[in-house]
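Raw contents of upload15.cif, mmCIF, C-alpha atoms and all ligand atoms:
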data_work
loop_
_atom_site.label_atom_id
_atom_site.label_comp_id
_atom_site.auth_asym_id
_atom_site.auth_seq_id
_atom_site.Cartn_x
_atom_site.Cartn_y
_atom_site.Cartn_z
CA MET A 1 28.43 -82.04 -4.55
CA ASN A 2 30.06 -78.61 -4.77
CA ASP A 3 31.66 -76.79 -1.89
CA ARG A 4 29.27 -74.53 -0.08
CA ASN A 5 29.72 -70.79 -0.11
CA PRO A 6 26.42 -69.04 0.58
CA ALA A 7 28.09 -65.62 0.53
CA ALA A 8 29.78 -66.07 -2.85
CA GLU A 9 27.41 -63.89 -4.87
CA VAL A 10 25.99 -61.53 -2.27
CA VAL A 11 28.24 -58.53 -2.91
CA SER A 12 27.94 -58.61 -6.69
CA PHE A 13 24.16 -59.14 -6.52
CA CYS A 14 23.72 -56.23 -4.12
CA SER A 15 25.79 -54.03 -6.36
CA GLU A 16 23.93 -55.10 -9.51
CA LEU A 17 20.53 -54.60 -7.90
CA ILE A 18 21.48 -51.06 -6.86
CA ARG A 19 22.24 -50.26 -10.51
CA PHE A 20 18.56 -50.70 -11.33
CA ASP A 21 17.15 -47.31 -10.41
CA THR A 22 13.93 -48.46 -8.76
CA SER A 23 13.03 -45.09 -7.25
CA ASN A 24 9.49 -44.96 -5.97
CA TYR A 25 7.95 -41.49 -6.26
CA GLY A 26 4.69 -42.41 -4.56
CA PRO A 27 1.72 -40.92 -6.40
CA ASP A 28 4.07 -39.96 -9.24
CA GLY A 29 4.87 -43.59 -9.97
CA SER A 30 8.13 -45.42 -10.05
CA LYS A 31 10.68 -46.76 -12.42
CA GLY A 32 12.81 -49.82 -12.82
CA GLU A 33 10.76 -52.24 -10.75
CA ARG A 34 10.09 -54.48 -13.74
CA GLU A 35 13.75 -54.58 -14.72
CA ALA A 36 14.76 -55.43 -11.14
CA ALA A 37 12.07 -58.11 -10.98
CA GLU A 38 13.28 -59.63 -14.25
CA TYR A 39 16.81 -59.66 -12.89
CA VAL A 40 15.69 -61.45 -9.71
CA ALA A 41 13.61 -63.87 -11.78
CA SER A 42 16.57 -64.70 -14.02
CA LYS A 43 18.75 -65.49 -11.00
CA LEU A 44 16.14 -67.91 -9.68
CA ASP A 45 15.39 -69.39 -13.08
CA ALA A 46 19.07 -70.09 -13.64
CA VAL A 47 19.07 -72.59 -10.78
CA GLY A 48 15.76 -74.17 -11.70
CA ILE A 49 13.44 -72.25 -9.37
CA GLU A 50 10.50 -71.11 -11.47
CA PRO A 51 9.69 -67.42 -10.95
CA PHE A 52 6.26 -65.89 -11.50
CA LEU A 53 5.87 -62.19 -12.20
CA TYR A 54 2.81 -60.25 -11.08
CA GLU A 55 1.94 -56.69 -12.04
CA SER A 56 -0.58 -54.67 -10.05
CA GLU A 57 -0.20 -51.97 -12.67
CA GLN A 58 2.02 -51.77 -15.71
CA ARG A 59 5.67 -52.12 -14.72
CA ARG A 60 4.84 -52.39 -10.99
CA THR A 61 6.26 -55.88 -10.86
CA SER A 62 6.63 -58.36 -8.00
CA VAL A 63 8.20 -61.81 -8.16
CA VAL A 64 6.89 -64.93 -6.42
CA ALA A 65 8.63 -68.31 -6.43
CA ASN A 66 8.26 -71.55 -4.58
CA TRP A 67 11.43 -73.35 -3.59
CA GLU A 68 10.56 -76.82 -2.40
CA PRO A 69 13.81 -78.74 -2.66
CA ASP A 70 14.07 -82.51 -2.48
CA GLY A 71 14.83 -83.39 1.10
CA CYS A 72 12.85 -80.60 2.74
CA ASP A 73 9.95 -81.56 4.98
CA LYS A 74 6.98 -80.94 2.73
CA SER A 75 4.54 -81.61 5.55
CA LEU A 76 5.56 -78.28 7.11
CA PRO A 77 3.99 -74.97 6.08
CA PRO A 78 6.30 -72.87 3.90
CA LEU A 79 8.41 -70.08 5.33
CA LEU A 80 7.84 -66.77 3.56
CA ILE A 81 11.04 -64.85 2.80
CA HIS A 82 10.27 -61.42 1.41
CA GLY A 83 12.11 -58.33 0.28
CA HIS A 84 11.10 -55.24 -1.67
CA THR A 85 13.00 -54.09 -4.75
CA ASP A 86 11.90 -50.45 -4.83
CA VAL A 87 13.82 -47.68 -3.08
CA VAL A 88 13.20 -44.09 -2.08
CA PRO A 89 14.60 -41.51 -4.51
CA ALA A 90 18.07 -40.05 -4.07
CA ILE A 91 19.45 -36.63 -5.02
CA ALA A 92 22.80 -37.48 -6.59
CA SER A 93 24.40 -34.09 -5.86
CA ASP A 94 24.08 -34.73 -2.10
CA TRP A 95 26.03 -37.98 -2.33
CA GLN A 96 29.75 -38.79 -2.29
CA ARG A 97 29.11 -41.57 -4.83
CA ASP A 98 26.58 -42.24 -7.56
CA PRO A 99 23.49 -43.44 -5.66
CA PHE A 100 22.72 -45.85 -8.50
CA GLY A 101 26.31 -46.85 -9.24
CA GLY A 102 26.53 -49.81 -6.89
CA GLU A 103 30.23 -49.09 -6.47
CA VAL A 104 32.29 -51.22 -4.12
CA VAL A 105 34.72 -48.85 -2.40
CA ASP A 106 36.68 -49.17 0.85
CA GLY A 107 34.84 -52.30 1.86
CA TYR A 108 31.36 -50.91 1.30
CA VAL A 109 28.74 -51.33 -1.40
CA TRP A 110 27.42 -47.83 -2.02
CA GLY A 111 24.04 -46.82 -3.26
CA ARG A 112 20.35 -46.35 -2.69
CA GLY A 113 18.93 -49.61 -1.39
CA ALA A 114 22.22 -50.84 0.11
CA VAL A 115 20.49 -51.28 3.47
CA ASP A 116 16.85 -50.83 2.45
CA MET A 117 16.72 -53.47 1.19
CA LYS A 118 18.63 -54.75 -1.79
CA ASP A 119 21.15 -56.09 0.71
CA PHE A 120 18.69 -58.72 1.85
CA ASP A 121 17.40 -59.42 -1.66
CA ALA A 122 21.00 -60.18 -2.60
CA MET A 123 21.52 -62.39 0.45
CA VAL A 124 18.43 -64.43 -0.33
CA LEU A 125 19.47 -64.97 -3.96
CA SER A 126 23.06 -65.83 -3.03
CA VAL A 127 22.06 -68.28 -0.30
CA VAL A 128 19.28 -70.04 -2.17
CA ARG A 129 21.37 -70.46 -5.33
CA ASP A 130 24.27 -71.85 -3.33
CA ARG A 131 22.03 -74.32 -1.56
CA VAL A 132 20.54 -75.50 -4.83
CA ARG A 133 23.97 -75.93 -6.40
CA SER A 134 25.42 -77.75 -3.43
CA GLY A 135 22.34 -79.91 -2.97
CA ARG A 136 21.44 -78.63 0.47
CA PRO A 137 17.68 -78.38 1.05
CA SER A 138 16.09 -76.03 3.53
CA ARG A 139 14.30 -77.67 6.46
CA ARG A 140 10.92 -76.73 5.02
CA PRO A 141 9.52 -75.29 1.80
CA ILE A 142 10.41 -71.67 1.12
CA ARG A 143 8.20 -69.11 -0.55
CA LEU A 144 10.21 -66.27 -2.05
CA VAL A 145 8.53 -62.92 -2.67
CA PHE A 146 10.20 -59.79 -4.02
CA THR A 147 7.79 -56.89 -4.00
CA ALA A 148 7.26 -53.56 -5.72
CA ASP A 149 6.00 -50.41 -4.04
CA GLU A 150 6.94 -50.95 -0.40
CA GLU A 151 8.28 -47.44 -0.09
CA ALA A 152 4.91 -45.89 -0.90
CA GLY A 153 2.98 -48.04 1.56
CA SER A 154 2.89 -51.38 -0.35
CA LYS A 155 -0.41 -50.69 -2.12
CA LEU A 156 0.85 -51.88 -5.52
CA GLY A 157 3.10 -54.57 -4.06
CA ALA A 158 2.54 -56.67 -0.95
CA THR A 159 -0.93 -55.31 -0.17
CA TRP A 160 -2.06 -55.92 -3.75
CA LEU A 161 -0.65 -59.46 -3.69
CA ALA A 162 -2.27 -60.20 -0.32
CA GLN A 163 -5.63 -58.92 -1.55
CA HIS A 164 -5.67 -60.21 -5.13
CA HIS A 165 -3.55 -63.35 -4.90
CA PRO A 166 -3.75 -64.41 -1.25
CA ASP A 167 -3.27 -68.07 -2.24
CA LEU A 168 0.32 -67.29 -3.20
CA VAL A 169 1.32 -66.85 0.42
CA SER A 170 -1.59 -67.75 2.70
CA ASP A 171 -0.23 -71.28 3.32
CA CYS A 172 2.89 -69.75 4.93
CA SER A 173 2.85 -69.73 8.71
CA GLU A 174 5.77 -67.38 9.33
CA ALA A 175 7.76 -64.79 7.47
CA ILE A 176 11.10 -63.02 7.61
CA GLY A 177 11.92 -59.70 5.93
CA GLU A 178 12.93 -56.19 7.00
CA VAL A 179 13.62 -54.36 9.40
CA GLY A 180 15.72 -56.28 11.87
CA GLY A 181 18.56 -58.68 12.47
CA PHE A 182 21.19 -55.94 12.40
CA SER A 183 23.67 -55.58 15.23
CA LEU A 184 23.86 -52.81 17.76
CA THR A 185 27.16 -52.75 19.63
CA VAL A 186 26.24 -51.97 23.22
CA ARG A 187 29.48 -53.09 24.87
CA ASP A 188 32.88 -54.21 23.63
CA ASP A 189 31.85 -57.78 24.35
CA LEU A 190 28.18 -57.63 23.38
CA ARG A 191 26.26 -57.01 20.21
CA LEU A 192 22.48 -57.08 20.31
CA TYR A 193 20.85 -58.27 17.10
CA LEU A 194 17.52 -56.53 16.90
CA VAL A 195 14.81 -58.83 15.61
CA GLN A 196 11.63 -56.98 14.78
CA THR A 197 8.61 -58.65 16.33
CA ALA A 198 6.25 -55.70 16.23
CA GLU A 199 5.67 -52.53 14.29
CA LYS A 200 3.58 -49.49 14.95
CA GLY A 201 0.33 -48.74 13.18
CA ILE A 202 0.14 -45.82 10.81
CA ALA A 203 -2.38 -42.98 10.99
CA TRP A 204 -1.67 -40.20 8.54
CA LEU A 205 -4.35 -37.61 9.08
CA LYS A 206 -5.59 -34.65 7.10
CA LEU A 207 -6.81 -31.92 9.44
CA ILE A 208 -9.51 -29.57 8.22
CA ALA A 209 -10.75 -26.39 9.84
CA ASP A 210 -13.71 -24.56 8.31
CA GLY A 211 -14.52 -21.02 9.34
CA ARG A 212 -16.03 -17.78 8.12
CA ALA A 213 -14.21 -16.12 5.25
CA GLY A 214 -13.88 -12.37 5.31
CA HIS A 215 -11.83 -9.21 5.05
CA GLY A 216 -8.60 -9.31 6.99
CA SER A 217 -9.30 -5.89 8.50
CA MET A 218 -12.52 -7.01 10.26
CA ARG A 219 -13.12 -8.83 13.52
CA ASN A 220 -13.57 -12.57 12.93
CA ASP A 221 -14.28 -15.00 15.75
CA ASP A 222 -14.52 -17.95 13.38
CA ASN A 223 -11.08 -17.91 11.76
CA ALA A 224 -10.11 -21.25 10.20
CA VAL A 225 -6.40 -20.44 10.30
CA SER A 226 -6.43 -19.73 14.05
CA ALA A 227 -8.47 -22.85 14.76
CA LEU A 228 -6.20 -25.09 12.76
CA ALA A 229 -3.02 -23.54 14.15
CA ALA A 230 -4.23 -24.03 17.73
CA ALA A 231 -5.13 -27.68 17.11
CA VAL A 232 -1.83 -28.38 15.37
CA ALA A 233 0.04 -26.82 18.27
CA ARG A 234 -1.90 -28.94 20.80
CA ILE A 235 -1.04 -32.11 18.88
CA GLY A 236 2.59 -31.18 18.38
CA GLU A 237 3.12 -30.33 22.03
CA TYR A 238 1.18 -33.22 23.50
CA ARG A 239 3.20 -35.58 25.68
CA TRP A 240 1.92 -39.03 24.88
CA PRO A 241 1.91 -41.32 27.93
CA ASP A 242 4.26 -44.31 27.96
CA ARG A 243 2.78 -47.43 26.47
CA ILE A 244 5.53 -50.00 26.75
CA HIS A 245 4.87 -52.93 24.43
CA PRO A 246 6.28 -56.34 25.50
CA ALA A 247 8.81 -56.23 22.63
CA GLN A 248 9.90 -52.77 23.75
CA GLN A 249 10.14 -53.89 27.37
CA ALA A 250 12.31 -56.88 26.43
CA PHE A 251 14.57 -54.62 24.40
CA LEU A 252 14.83 -51.98 27.15
CA ASP A 253 15.60 -54.70 29.70
CA GLU A 254 18.49 -55.96 27.57
CA LEU A 255 19.82 -52.45 27.05
CA GLU A 256 19.56 -51.51 30.72
CA ASP A 257 21.25 -54.74 31.66
CA ALA A 258 24.06 -54.32 29.14
CA LEU A 259 24.70 -50.65 29.88
CA GLY A 260 23.96 -50.59 33.61
CA VAL A 261 21.54 -47.65 33.23
CA ARG A 262 17.86 -47.02 33.83
CA LEU A 263 15.96 -45.72 30.81
CA ASN A 264 12.81 -43.66 30.90
CA HIS A 265 10.67 -41.63 28.55
CA ASP A 266 12.47 -38.34 29.08
CA THR A 267 16.05 -39.54 29.22
CA VAL A 268 16.12 -42.45 26.82
CA GLU A 269 17.38 -40.54 23.79
CA GLU A 270 20.04 -38.63 25.69
CA THR A 271 21.22 -41.73 27.53
CA LEU A 272 21.49 -43.71 24.33
CA ALA A 273 22.89 -40.91 22.16
CA SER A 274 26.18 -42.78 21.78
CA LEU A 275 24.30 -45.55 19.96
CA GLY A 276 23.53 -43.19 17.08
CA SER A 277 20.21 -42.37 15.51
CA ILE A 278 18.64 -45.55 16.82
CA SER A 279 18.18 -43.67 20.09
CA ARG A 280 15.50 -41.54 18.41
CA MET A 281 13.70 -44.63 17.22
CA ILE A 282 13.82 -46.16 20.69
CA GLY A 283 12.39 -42.92 22.07
CA ALA A 284 9.61 -43.01 19.49
CA THR A 285 8.58 -46.53 20.48
CA MET A 286 7.95 -45.63 24.15
CA SER A 287 4.55 -44.21 23.22
CA ASN A 288 2.20 -43.28 20.42
CA THR A 289 3.45 -40.30 18.43
CA ALA A 290 1.83 -37.63 16.26
CA ASN A 291 3.94 -35.11 14.38
CA PRO A 292 2.36 -32.22 12.48
CA THR A 293 3.89 -32.26 8.99
CA MET A 294 1.92 -29.96 6.66
CA LEU A 295 -0.02 -26.69 6.81
CA THR A 296 -1.89 -24.91 4.04
CA ALA A 297 -4.27 -21.97 4.13
CA GLY A 298 -5.11 -18.72 2.46
CA TYR A 299 -4.12 -16.96 -0.72
CA LYS A 300 -3.75 -13.29 0.22
CA ALA A 301 -2.55 -11.47 3.33
CA ASN A 302 -5.76 -9.43 3.73
CA VAL A 303 -8.24 -12.25 3.11
CA ILE A 304 -9.35 -14.63 5.85
CA PRO A 305 -9.86 -17.98 4.08
CA SER A 306 -12.81 -20.23 4.78
CA ARG A 307 -10.66 -23.31 5.17
CA ALA A 308 -7.27 -24.30 6.57
CA VAL A 309 -5.76 -27.73 6.08
CA GLY A 310 -2.94 -29.58 7.78
CA ALA A 311 -1.46 -33.05 8.05
CA VAL A 312 -0.21 -35.17 10.90
CA ASP A 313 1.92 -38.31 10.83
CA GLY A 314 0.54 -40.45 13.63
CA ARG A 315 1.95 -43.81 14.74
CA TYR A 316 0.40 -45.99 17.39
CA ILE A 317 1.72 -48.85 19.50
CA PRO A 318 0.10 -52.26 18.82
CA GLY A 319 -3.06 -52.36 20.95
CA CYS A 320 -3.30 -48.59 21.31
CA LYS A 321 -5.23 -47.59 18.19
CA ALA A 322 -8.47 -46.63 19.93
CA GLU A 323 -6.63 -44.58 22.52
CA PHE A 324 -4.68 -42.85 19.78
CA TYR A 325 -7.79 -41.72 17.90
CA GLU A 326 -9.62 -40.69 21.07
CA THR A 327 -6.69 -38.54 22.09
CA ILE A 328 -6.41 -36.95 18.66
CA GLN A 329 -10.13 -36.20 18.70
CA GLY A 330 -9.77 -34.48 22.05
CA LEU A 331 -6.77 -32.45 20.93
CA LEU A 332 -8.50 -31.33 17.74
CA GLY A 333 -11.41 -29.83 19.67
CA ASP A 334 -14.73 -28.84 18.16
CA LYS A 335 -13.52 -26.69 15.31
CA VAL A 336 -11.18 -29.07 13.53
CA ARG A 337 -11.99 -32.45 12.02
CA PHE A 338 -9.82 -35.07 10.43
CA GLU A 339 -9.91 -37.45 7.50
CA ALA A 340 -7.67 -40.49 7.17
CA LEU A 341 -4.98 -40.04 4.52
CA HIS A 342 -3.44 -43.43 5.15
CA ASP A 343 -4.27 -45.91 7.85
CA ASP A 344 -2.51 -49.21 8.31
CA ILE A 345 -2.47 -51.77 11.06
CA ALA A 346 0.05 -52.33 13.82
CA VAL A 347 1.74 -55.73 13.72
CA GLU A 348 2.94 -57.90 16.58
CA THR A 349 4.02 -61.43 17.32
CA GLU A 350 5.83 -63.12 20.19
CA PHE A 351 9.55 -63.62 20.40
CA SER A 352 9.29 -67.33 20.97
CA GLY A 353 9.00 -70.62 19.15
CA ALA A 354 11.18 -72.75 16.91
CA LEU A 355 11.75 -70.01 14.35
CA VAL A 356 13.07 -67.64 17.01
CA GLU A 357 15.34 -70.39 18.34
CA ALA A 358 16.69 -70.79 14.80
CA MET A 359 17.43 -67.04 14.70
CA ARG A 360 19.18 -67.13 18.06
CA ALA A 361 21.25 -70.15 17.08
CA SER A 362 22.25 -68.94 13.63
CA ILE A 363 23.38 -65.57 15.01
CA ALA A 364 25.27 -67.09 17.92
CA ALA A 365 27.01 -69.53 15.56
CA GLU A 366 28.42 -66.66 13.48
CA ASP A 367 28.98 -64.17 16.32
CA ALA A 368 29.89 -65.56 19.72
CA GLN A 369 29.32 -62.10 21.24
CA GLY A 370 25.95 -61.65 19.57
CA ARG A 371 22.54 -61.98 21.17
CA ALA A 372 19.18 -61.83 19.40
CA VAL A 373 16.61 -59.58 21.10
CA PRO A 374 13.12 -58.50 20.05
CA TYR A 375 12.22 -54.89 19.34
CA LEU A 376 9.35 -52.72 18.18
CA LEU A 377 9.83 -50.81 14.90
CA SER A 378 8.50 -47.27 14.74
CA ALA A 379 7.90 -47.44 10.97
CA GLY A 380 5.92 -49.80 8.71
CA THR A 381 6.88 -52.59 6.29
CA ASP A 382 5.34 -55.19 3.98
CA ALA A 383 4.77 -57.26 7.14
CA LYS A 384 1.51 -55.34 7.55
CA ALA A 385 0.16 -56.94 4.36
CA TRP A 386 1.33 -60.48 5.14
CA SER A 387 0.05 -60.34 8.70
CA THR A 388 -3.50 -59.79 7.40
CA LEU A 389 -3.26 -63.39 6.12
CA GLY A 390 -2.42 -64.67 9.59
CA ILE A 391 1.32 -64.96 8.98
CA ARG A 392 3.65 -64.29 11.92
CA CYS A 393 6.13 -61.69 10.70
CA PHE A 394 9.68 -61.08 11.86
CA GLY A 395 12.19 -58.47 10.77
CA PHE A 396 15.27 -60.61 10.32
CA THR A 397 17.79 -59.52 7.70
CA PRO A 398 21.00 -60.34 9.57
CA LEU A 399 23.91 -57.88 9.40
CA ARG A 400 26.89 -57.63 11.69
CA LEU A 401 27.80 -53.95 11.60
CA PRO A 402 30.88 -51.99 12.65
CA PRO A 403 30.27 -50.34 16.05
CA ASP A 404 30.77 -46.81 14.72
CA LEU A 405 28.40 -47.07 11.76
CA ASP A 406 25.22 -45.04 12.34
CA PHE A 407 23.13 -47.67 10.62
CA THR A 408 19.62 -46.39 11.14
CA ALA A 409 20.64 -43.00 9.71
CA LEU A 410 21.41 -44.75 6.42
CA PHE A 411 17.79 -45.80 5.87
CA HIS A 412 16.54 -43.33 3.25
CA GLY A 413 19.70 -41.34 4.06
CA VAL A 414 22.47 -39.77 2.03
CA ASP A 415 25.47 -42.03 1.27
CA GLU A 416 23.52 -45.18 2.01
CA ARG A 417 26.01 -48.06 2.01
CA VAL A 418 26.62 -51.45 3.51
CA PRO A 419 29.89 -53.14 4.49
CA THR A 420 30.71 -56.08 2.20
CA GLU A 421 31.72 -58.07 5.30
CA SER A 422 28.26 -57.45 6.76
CA LEU A 423 26.62 -58.76 3.60
CA GLU A 424 28.74 -61.89 3.71
CA PHE A 425 28.02 -62.35 7.40
CA GLY A 426 24.30 -61.98 6.71
CA ALA A 427 24.40 -64.60 3.97
CA ARG A 428 26.15 -67.07 6.28
CA VAL A 429 23.61 -66.47 9.08
CA LEU A 430 20.69 -66.81 6.67
CA ASP A 431 22.20 -70.01 5.33
CA ARG A 432 22.46 -71.53 8.82
CA PHE A 433 18.98 -70.30 9.63
CA LEU A 434 17.50 -72.24 6.70
CA ASP A 435 18.88 -75.48 8.16
CA GLU A 436 16.68 -75.08 11.22
CA ALA A 437 13.93 -72.62 10.36
ZN ZN B 1 12.52 -51.16 3.30
#
Will you turn the file into structure tokens for me?
Amino acid sequence: MNDRNPAAEVVSFCSELIRFDTSNYGPDGSKGEREAAEYVASKLDAVGIEPFLYESEQRRTSVVANWEPDGCDKSLPPLLIHGHTDVVPAIASDWQRDPFGGEVVDGYVWGRGAVDMKDFDAMVLSVVRDRVRSGRPSRRPIRLVFTADEEAGSKLGATWLAQHHPDLVSDCSEAIGEVGGFSLTVRDDLRLYLVQTAEKGIAWLKLIADGRAGHGSMRNDDNAVSALAAAVARIGEYRWPDRIHPAQQAFLDELEDALGVRLNHDTVEETLASLGSISRMIGATMSNTANPTMLTAGYKANVIPSRAVGAVDGRYIPGCKAEFYETIQGLLGDKVRFEALHDDIAVETEFSGALVEAMRASIAAEDAQGRAVPYLLSAGTDAKAWSTLGIRCFGFTPLRLPPDLDFTALFHGVDERVPTESLEFGARVLDRFLDEA
């Protein structure tokens, strides 16, 4: 039996994965997903785990593999471990380093996907390969899924797999993936590791106002531009009432306890400003949100157009979908209607059970000052797709981060990078986790 070193390959794999430009341009397609999938497949194949490639469309490739090592308890349902291989685009001229260079400089791996989420893909490959080589089975069977198209809403990746090949994952009872498990230093002697147990639902809306077209010099009491502008302003200025989800409450309790402060809707961001951009996310998870994002109307200054169109990015707390739509309807008024541009479910599970205990234990074993806490994510992930198959989903991609790193700002941000020490820490935590999960 070889010596164990689950972190041995994590830095090089992260770096190599970043060098595949897997930019996802949404409706304009993507590139590199097949090459990244083939790379992942080759790393699994090399240790005797058979990979299967699935393409929703040409070159939109996802990888699925079943790792059922001798010695694991095959009577248990598999654990789904999932990561996406696509990334959001990057404008190289904005960056200090080549966003697709995967350079390792000053203790960081630099590049698009370093935290979202080639870091975790690399951890999974490094850990699983090490366990195979050193003959250490996981406690239960593991289903590995590496998806395309997460960054455009998962339609050609996880959602497609869940709809067209549900049997590939529907026997899994629980799943881990993004976005969670990273540390937030709240005191010198305390790091909270944020495990995602819930995520908001998505309601991207197209707003449409129809009115009476006419000459710009005439009176017009049915002006589509005015109607739309008024509705957009009402939505943008609306103060959504607090809807504190249990995951949010647990997280706020931990923060209040650690910092000795009281947090409320109006002061949360200011109070937590020293924690970096995560304060904005915490603010956003106190309530539903709806941000106007687009406006289009007209073609000439002296012509009143018959139609004005806008868009709103709405996000609702688990359990608050009906209230969200009722409120939007009221704010729109009689003259403006909406169509759904993209609607996806909210996800939630409880922060309890054996899997959660395994998270707590594996974090505590690697960081004596670390504590796992649940939280509610304001954005969406592939978990939405898996949860439609009844799988309990957790965001758990462990990373111990330096206290001064504004981690959440790196997601889709310029100069995205991850400390090599954090990657190695994550691999060690994931390795321990697999003993008990
Ligand atoms: Zn991601």
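Near Ser277 in chain A, within 9 Å and counting only C-alpha atoms, sit Glu269, Asp406, Phe407, Thr408 and Ala409 of chain A, not including residues fewer than 6 positions from it in the same chain.
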Show me the residues around (21.8, -65.4, 6.7) - criterion: an atom at most 10 Å away, only C-alpha atoms counted - as a PDB file with C-alpha atoms, in the coordinates of the input.
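Final output, point_19.pdb:
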ATOM      1  CA  PRO A   6      26.420 -69.040   0.580  1.00  0.00           C
ATOM      2  CA  ALA A   7      28.090 -65.620   0.530  1.00  0.00           C
ATOM      3  CA  PHE A 120      18.690 -58.720   1.850  1.00  0.00           C
ATOM      4  CA  MET A 123      21.520 -62.390   0.450  1.00  0.00           C
ATOM      5  CA  VAL A 124      18.430 -64.430  -0.330  1.00  0.00           C
ATOM      6  CA  SER A 126      23.060 -65.830  -3.030  1.00  0.00           C
ATOM      7  CA  VAL A 127      22.060 -68.280  -0.300  1.00  0.00           C
ATOM      8  CA  GLY A 181      18.560 -58.680  12.470  1.00  0.00           C
ATOM      9  CA  MET A 359      17.430 -67.040  14.700  1.00  0.00           C
ATOM     10  CA  SER A 362      22.250 -68.940  13.630  1.00  0.00           C
ATOM     11  CA  ILE A 363      23.380 -65.570  15.010  1.00  0.00           C
ATOM     12  CA  GLU A 366      28.420 -66.660  13.480  1.00  0.00           C
ATOM     13  CA  PHE A 396      15.270 -60.610  10.320  1.00  0.00           C
ATOM     14  CA  THR A 397      17.790 -59.520   7.700  1.00  0.00           C
ATOM     15  CA  PRO A 398      21.000 -60.340   9.570  1.00  0.00           C
ATOM     16  CA  LEU A 399      23.910 -57.880   9.400  1.00  0.00           C
ATOM     17  CA  LEU A 423      26.620 -58.760   3.600  1.00  0.00           C
ATOM     18  CA  GLU A 424      28.740 -61.890   3.710  1.00  0.00           C
ATOM     19  CA  PHE A 425      28.020 -62.350   7.400  1.00  0.00           C
ATOM     20  CA  GLY A 426      24.300 -61.980   6.710  1.00  0.00           C
ATOM     21  CA  ALA A 427      24.400 -64.600   3.970  1.00  0.00           C
ATOM     22  CA  ARG A 428      26.150 -67.070   6.280  1.00  0.00           C
ATOM     23  CA  VAL A 429      23.610 -66.470   9.080  1.00  0.00           C
ATOM     24  CA  LEU A 430      20.690 -66.810   6.670  1.00  0.00           C
ATOM     25  CA  ASP A 431      22.200 -70.010   5.330  1.00  0.00           C
ATOM     26  CA  ARG A 432      22.460 -71.530   8.820  1.00  0.00           C
ATOM     27  CA  PHE A 433      18.980 -70.300   9.630  1.00  0.00           C
ATOM     28  CA  LEU A 434      17.500 -72.240   6.700  1.00  0.00           C
TER      29      LEU A 434
END
Self-check item: Proximity to Glu33 in chain A - best of A:Asp404, A:Glu9, A:Asp130, A:Glu150, only C-alpha atoms
Solution: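 Between A:Asp404, A:Glu9, A:Asp130, A:Glu150, the residue approaching Glu33 in chain A most closely is A:Glu150.
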Report as a tab-separated table: every residue of range 93-163 of chain A with an atom at most 12 Å from range 339-349 of chain A, its closest pair of atoms, and their distance in Å to one decimal, counting only C-alpha atoms, with rows sorted by chain and ascending residue number.
residue	atom	partner	partner_atom	distance
A:Ala152	CA	A:His342	CA	10.6
A:Gly153	CA	A:His342	CA	8.7
A:Ser154	CA	A:Asp344	CA	10.4
A:Lys155	CA	A:His342	CA	10.7
A:Thr159	CA	A:Asp344	CA	10.6
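Minimum atom-to-atom distances from A:Pro27, A:Gly395, A:Gly32, A:Pro77 to ligand ZN 1 (chain B) were compared using only C-alpha atoms and all ligand atoms, and the lowest value belongs to A:Gly395.
Those residues that approach Val312 in chain A to within 7 Å, counting all atoms listed in the file, are Trp204, Leu205, Lys206, Ala290, Asn291, Pro292 and Thr293 of chain A; same-chain residues fewer than 4 positions away are not listed.
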Exercise. Return as a list in words the residues of protein, DNA or RNA that approach ligand ZN 1 (chain B) to within 10 Å, with only C-alpha atoms and all ligand atoms taken into account.
Key: Gly83, His84, Thr85, Asp86, Val87, Val88, Gly113, Val115, Asp116, Met117, Lys118, Phe120, Asp149, Glu150, Glu151, Gly177, Glu178, Val179, Ala379, Gly380, Thr381, Asp382, Phe411 and His412 of chain A
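Between CA of Glu57 in chain A and CA of Leu161 in chain A lies a distance of 11.7 Å.
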Quiz item: Which one of A:Leu331, A:Val64, A:Val10, A:Ile202 sits closest to His165 in chain A if you count all atoms listed in the file?
Solution: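 For His165 in chain A, the nearest of the candidates is A:Val64.
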Quiz prompt | Shortest interatomic distance to Cys14 in chain A - which of A:Gly390, A:Gly111, A:Gly216, A:Gly333, counting all atoms listed in the file | solution =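 Nearest to Cys14 in chain A: A:Gly111.
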Exercise. Tell me which of A:Ala365, A:Ala385, A:Leu410, A:Leu194 sits closest to Leu156 in chain A, counting only C-alpha atoms.
Key: A:Ala385
Quiz prompt | Atomic distance CA of Tyr299 in chain A - CA of Asn223 in chain A, expressed in Å with one decimal | solution =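 CA of Tyr299 in chain A sits 14.3 Å away from CA of Asn223 in chain A.
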